[in-house]
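Pasting start-v1.csv here (CSV, C-alpha atoms):
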```csv
chain,number,residue,atom,x,y,z
A,1,MET,CA,3.3,22.0,13.8
A,2,SER,CA,0.0,20.8,15.2
A,3,MET,CA,-0.1,17.9,17.7
A,4,LEU,CA,-2.9,15.4,17.5
A,5,ASN,CA,-4.3,13.7,20.6
A,6,ALA,CA,-6.1,10.4,20.3
A,7,ALA,CA,-8.2,8.1,22.5
A,8,CYS,CA,-6.9,5.9,25.2
A,9,GLY,CA,-4.6,2.9,24.7
A,10,GLN,CA,-0.8,2.5,24.5
A,11,ARG,CA,0.4,6.0,24.0
A,12,THR,CA,2.9,6.9,21.2
A,13,ALA,CA,3.6,9.5,18.7
A,14,GLY,CA,3.9,9.7,14.9
A,15,TRP,CA,3.6,11.8,11.8
A,16,LEU,CA,0.8,12.4,9.3
A,17,PHE,CA,2.1,13.5,5.9
A,18,ILE,CA,-0.5,14.5,3.3
A,19,TYR,CA,1.4,14.8,0.1
A,20,SER,CA,-1.4,15.6,-2.2
A,21,CYS,CA,-5.0,16.5,-1.5
A,22,LYS,CA,-7.4,18.4,-3.7
A,23,HIS,CA,-8.4,21.8,-2.4
A,24,ALA,CA,-12.1,20.8,-2.3
A,25,PHE,CA,-11.4,18.0,0.2
A,26,VAL,CA,-9.3,20.1,2.7
A,27,PRO,CA,-12.2,21.0,5.0
A,28,HIS,CA,-13.4,17.4,4.9
A,29,VAL,CA,-10.0,16.0,5.7
A,30,GLU,CA,-9.6,18.5,8.6
A,31,SER,CA,-13.0,17.5,10.0
A,32,ALA,CA,-12.4,13.8,9.6
A,33,ILE,CA,-9.1,14.0,11.5
A,34,ALA,CA,-10.7,16.2,14.2
A,35,ALA,CA,-13.5,13.7,14.6
A,36,LEU,CA,-11.0,10.9,14.9
A,37,THR,CA,-8.8,12.7,17.4
A,38,GLY,CA,-11.5,14.5,19.3
A,39,ARG,CA,-10.1,18.0,18.6
A,40,ALA,CA,-9.6,20.6,15.9
A,41,HIS,CA,-6.1,21.4,14.7
A,42,GLN,CA,-4.4,24.4,13.2
A,43,TRP,CA,-3.4,23.1,9.8
A,44,GLN,CA,-0.8,24.6,7.6
A,45,TRP,CA,-1.3,23.8,3.9
A,46,TRP,CA,1.1,24.4,1.1
A,47,GLN,CA,0.6,24.2,-2.6
A,48,GLN,CA,1.7,20.8,-4.1
A,49,PRO,CA,3.4,22.0,-7.3
A,50,LEU,CA,3.3,18.5,-8.9
A,51,VAL,CA,-0.5,18.1,-8.8
A,52,ASP,CA,-2.8,20.8,-10.3
A,53,GLY,CA,-5.2,22.1,-7.6
A,54,ALA,CA,-3.6,20.1,-4.8
A,55,VAL,CA,-2.1,21.0,-1.5
A,56,ARG,CA,0.0,19.3,1.1
A,57,ALA,CA,0.3,19.3,4.9
A,58,GLU,CA,2.2,17.7,7.8
A,59,LEU,CA,1.2,17.0,11.4
A,60,ARG,CA,3.0,15.6,14.4
A,61,TRP,CA,0.6,13.6,16.5
A,62,ARG,CA,0.5,11.9,19.9
A,63,GLY,CA,-2.1,9.4,20.7
A,64,ASP,CA,-2.8,5.7,21.1
A,65,PHE,CA,-1.0,3.2,18.8
A,66,SER,CA,-4.2,2.4,16.8
A,67,CYS,CA,-4.6,6.0,15.8
A,68,ALA,CA,-2.3,5.6,12.9
A,69,SER,CA,-4.3,2.8,11.3
A,70,ARG,CA,-7.5,4.8,11.9
A,71,MET,CA,-6.0,7.9,10.2
A,72,ALA,CA,-4.9,5.9,7.2
A,73,SER,CA,-8.3,4.2,6.8
A,74,THR,CA,-10.1,7.5,7.2
A,75,LEU,CA,-8.0,9.3,4.6
A,76,ARG,CA,-8.6,6.4,2.2
A,77,ALA,CA,-12.1,7.6,1.7
A,78,PHE,CA,-11.0,10.8,-0.1
A,79,PRO,CA,-10.5,10.4,-3.9
A,80,GLY,CA,-7.1,11.3,-5.2
A,81,ILE,CA,-5.3,11.7,-1.8
A,82,CYS,CA,-1.7,10.6,-1.4
A,83,ALA,CA,-0.5,10.3,2.2
A,84,GLU,CA,1.7,8.6,4.7
A,85,VAL,CA,1.1,7.9,8.4
A,86,ILE,CA,4.0,6.8,10.7
A,87,VAL,CA,3.6,5.5,14.2
A,88,GLU,CA,6.5,5.1,16.6
A,89,ALA,CA,7.0,1.7,18.4
A,90,VAL,CA,5.4,0.8,21.7
A,91,PRO,CA,6.6,-2.1,23.9
A,92,ALA,CA,4.2,-4.6,22.3
A,93,GLU,CA,4.4,-3.4,18.7
A,94,PRO,CA,7.1,-2.3,16.3
A,95,ALA,CA,6.9,1.1,14.5
A,96,ARG,CA,4.6,1.0,11.5
A,97,ARG,CA,4.0,3.0,8.4
A,98,TYR,CA,1.0,3.3,6.1
A,99,LEU,CA,1.3,4.5,2.6
A,100,LEU,CA,-1.8,5.7,0.7
A,101,VAL,CA,-1.9,6.2,-3.0
A,102,ALA,CA,-5.3,6.8,-4.6
A,103,ASP,CA,-4.8,4.4,-7.5
A,104,LEU,CA,-3.0,1.7,-5.5
A,105,GLY,CA,-4.9,1.8,-2.2
A,106,LEU,CA,-3.3,1.4,1.2
A,107,TRP,CA,0.0,-0.4,1.9
A,108,SER,CA,1.3,-1.0,5.4
A,109,SER,CA,4.3,-2.7,7.1
A,110,PRO,CA,6.1,-2.7,10.4
A,111,MET,CA,9.5,-1.0,10.4
A,112,ASP,CA,12.7,-1.0,12.4
A,113,PRO,CA,14.1,2.0,14.4
A,114,THR,CA,15.9,3.2,11.2
A,115,GLY,CA,12.8,3.2,9.1
A,116,GLU,CA,13.6,0.0,7.2
A,117,THR,CA,10.6,-2.2,6.2
A,118,LEU,CA,10.4,-5.4,8.2
A,119,ILE,CA,9.3,-8.5,6.3
A,120,ALA,CA,8.3,-11.7,8.2
A,121,GLU,CA,10.0,-14.9,7.2
A,122,ALA,CA,6.7,-16.5,6.2
A,123,GLN,CA,5.8,-13.6,3.9
A,124,LEU,CA,9.2,-13.7,2.3
A,125,ARG,CA,9.0,-17.5,1.7
A,126,LYS,CA,5.5,-17.1,0.1
A,127,ALA,CA,6.8,-14.3,-2.1
A,128,ILE,CA,9.9,-16.4,-3.2
A,129,GLU,CA,7.7,-19.4,-4.0
A,130,SER,CA,5.2,-17.3,-6.1
A,131,ASP,CA,5.0,-17.3,-9.9
A,132,ASP,CA,6.8,-13.9,-10.0
A,133,PRO,CA,9.1,-13.6,-6.9
A,134,ALA,CA,10.4,-10.2,-7.9
A,135,ALA,CA,7.0,-8.7,-8.2
A,136,ALA,CA,5.9,-10.3,-4.9
A,137,VAL,CA,8.9,-8.9,-3.0
A,138,ASP,CA,8.2,-5.5,-4.6
A,139,ILE,CA,4.7,-5.6,-3.2
A,140,LEU,CA,6.0,-6.6,0.3
A,141,LEU,CA,8.4,-3.6,0.1
A,142,GLY,CA,5.7,-1.2,-1.1
A,143,ARG,CA,7.8,-0.3,-4.2
A,144,ARG,CA,4.9,1.0,-6.4
A,145,TRP,CA,3.7,3.2,-3.5
A,146,GLU,CA,7.2,4.6,-2.9
A,147,GLU,CA,7.6,5.3,-6.7
A,148,VAL,CA,4.4,7.5,-6.6
A,149,LEU,CA,5.1,9.2,-3.3
A,150,GLU,CA,8.8,10.0,-3.6
A,151,PRO,CA,8.4,12.8,-6.1
A,152,LEU,CA,5.6,14.3,-4.0
A,153,ARG,CA,7.7,14.1,-0.9
A,154,ALA,CA,10.7,15.7,-2.6
A,155,ALA,CA,8.6,18.6,-4.2
A,156,PRO,CA,9.6,21.9,-2.6
A,157,HIS,CA,7.3,23.5,-0.1
A,158,MET,CA,5.7,26.2,-2.2
A,159,LYS,CA,3.9,29.2,-0.8
A,160,SER,CA,1.1,28.6,1.7
A,161,ALA,CA,-2.2,27.8,0.1
A,162,SER,CA,-5.0,30.3,0.5
A,163,LEU,CA,-8.0,28.3,1.5
A,164,LEU,CA,-11.5,29.7,1.9
A,165,ARG,CA,-13.1,29.0,5.2
A,166,VAL,CA,-16.7,29.1,6.2
A,167,VAL,CA,-16.9,30.9,9.6
```
Turn this file's structure into structure tokens for me.
Amino acid sequence: MSMLNAACGQRTAGWLFIYSCKHAFVPHVESAIAALTGRAHQWQWWQQPLVDGAVRAELRWRGDFSCASRMASTLRAFPGICAEVIVEAVPAEPARRYLLVADLGLWSSPMDPTGETLIAEAQLRKAIESDDPAAAVDILLGRRWEEVLEPLRAAPHMKSASLLRVV
């Protein structure tokens, strides 16, 4: 498992899960993350059996707290990518997770130490007072993102993907 190092700030750690990425974007994703973190990484890519021509990868990273949001924003630029970035809590901030689904965009929320989504009272009040409270709460919980990502997460790790590299 590769470790990412990020710029200065409050140091923490987290995970980057790329659940689905087209083969053609792999070198670009690797370069983008390397540019963001300031170093190249040894990536291990596996076939994603649920998406034709797609692969998946996981990285454990260490860096500053803002690295997670920068990773999520950077990955958003790649068409068709599905990913999750998790950052562990620091003294001033709770843990946070970012879910990226190509057709839905980026969803983010703080989470507690057990991984449960935290919803602020004001957000919940606004959702309950909306025209469709159930749909508003589903958005706060990231339900549509979870429905897309869960099968990709659960897919077995198939054989390593053979990727052509320019040397």
Using all atoms listed in the file, collect all residues at a distance of at most 12 Å from (-0.2, 1.7, -1.1) as written in the file, then present them as a PyMOL selection string. chain A and resi 72-73+76+81-85+97-109+138-149
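With only C-alpha atoms as the atoms that count, the residue of A:Ile86, A:Cys67, A:Ala77, A:Val55 with the shortest distance to Leu16 of chain A is A:Ile86.
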Taken to one decimal, the atom CA of Arg70 of chain A-atom CA of His23 of chain A distance is 22.2 Å
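Closest to Gly80 of chain A among A:Ala127, A:Leu59, A:Ala34, A:Val51 is A:Val51, based on only C-alpha atoms.
Proximity to Ile33 of chain A was assessed for A:Ala154, A:Ile18, A:Leu75, A:Leu50 counting only C-alpha atoms; the smallest distance is recorded for A:Leu75.
Going from atom CA of Leu152 of chain A over to atom CA of His41 of chain A, you cover 23.2 Å.
One finds atom CA of Ala92 of chain A at 13.5 Å from atom CA of Asp112 of chain A.
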Show me the residues close to (1.1, 6.2, 24.2) - anything with an atom within 8 Å, counting all atoms listed in the file - and format the list as a PDB file with C-alpha atoms, keeping the file's coordinate frame.
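Generated output (out.pdb):
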```pdb
ATOM      1  CA  GLY A   9      -4.600   2.900  24.700  1.00  0.00           C
ATOM      2  CA  GLN A  10      -0.800   2.500  24.500  1.00  0.00           C
ATOM      3  CA  ARG A  11       0.400   6.000  24.000  1.00  0.00           C
ATOM      4  CA  THR A  12       2.900   6.900  21.200  1.00  0.00           C
ATOM      5  CA  ALA A  13       3.600   9.500  18.700  1.00  0.00           C
ATOM      6  CA  ARG A  62       0.500  11.900  19.900  1.00  0.00           C
ATOM      7  CA  GLY A  63      -2.100   9.400  20.700  1.00  0.00           C
ATOM      8  CA  ASP A  64      -2.800   5.700  21.100  1.00  0.00           C
ATOM      9  CA  PHE A  65      -1.000   3.200  18.800  1.00  0.00           C
ATOM     10  CA  VAL A  90       5.400   0.800  21.700  1.00  0.00           C
TER      11      VAL A  90
END
```
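Minimum atom-to-atom distances from A:Ile128, A:Ala40, A:Val87, A:Val26 to Arg60 of chain A were compared using only C-alpha atoms, and the lowest value belongs to A:Val87.
For Gln48 of chain A, the residues within 9 Å (counting only C-alpha atoms, excluding itself and residues fewer than 2 positions away along the chain) are Tyr19, Ser20, Cys21, Trp46, Leu50, Val51, Asp52, Gly53, Ala54, Val55, Arg56, Leu152, Ala155, Pro156, His157 and Met158 of chain A.
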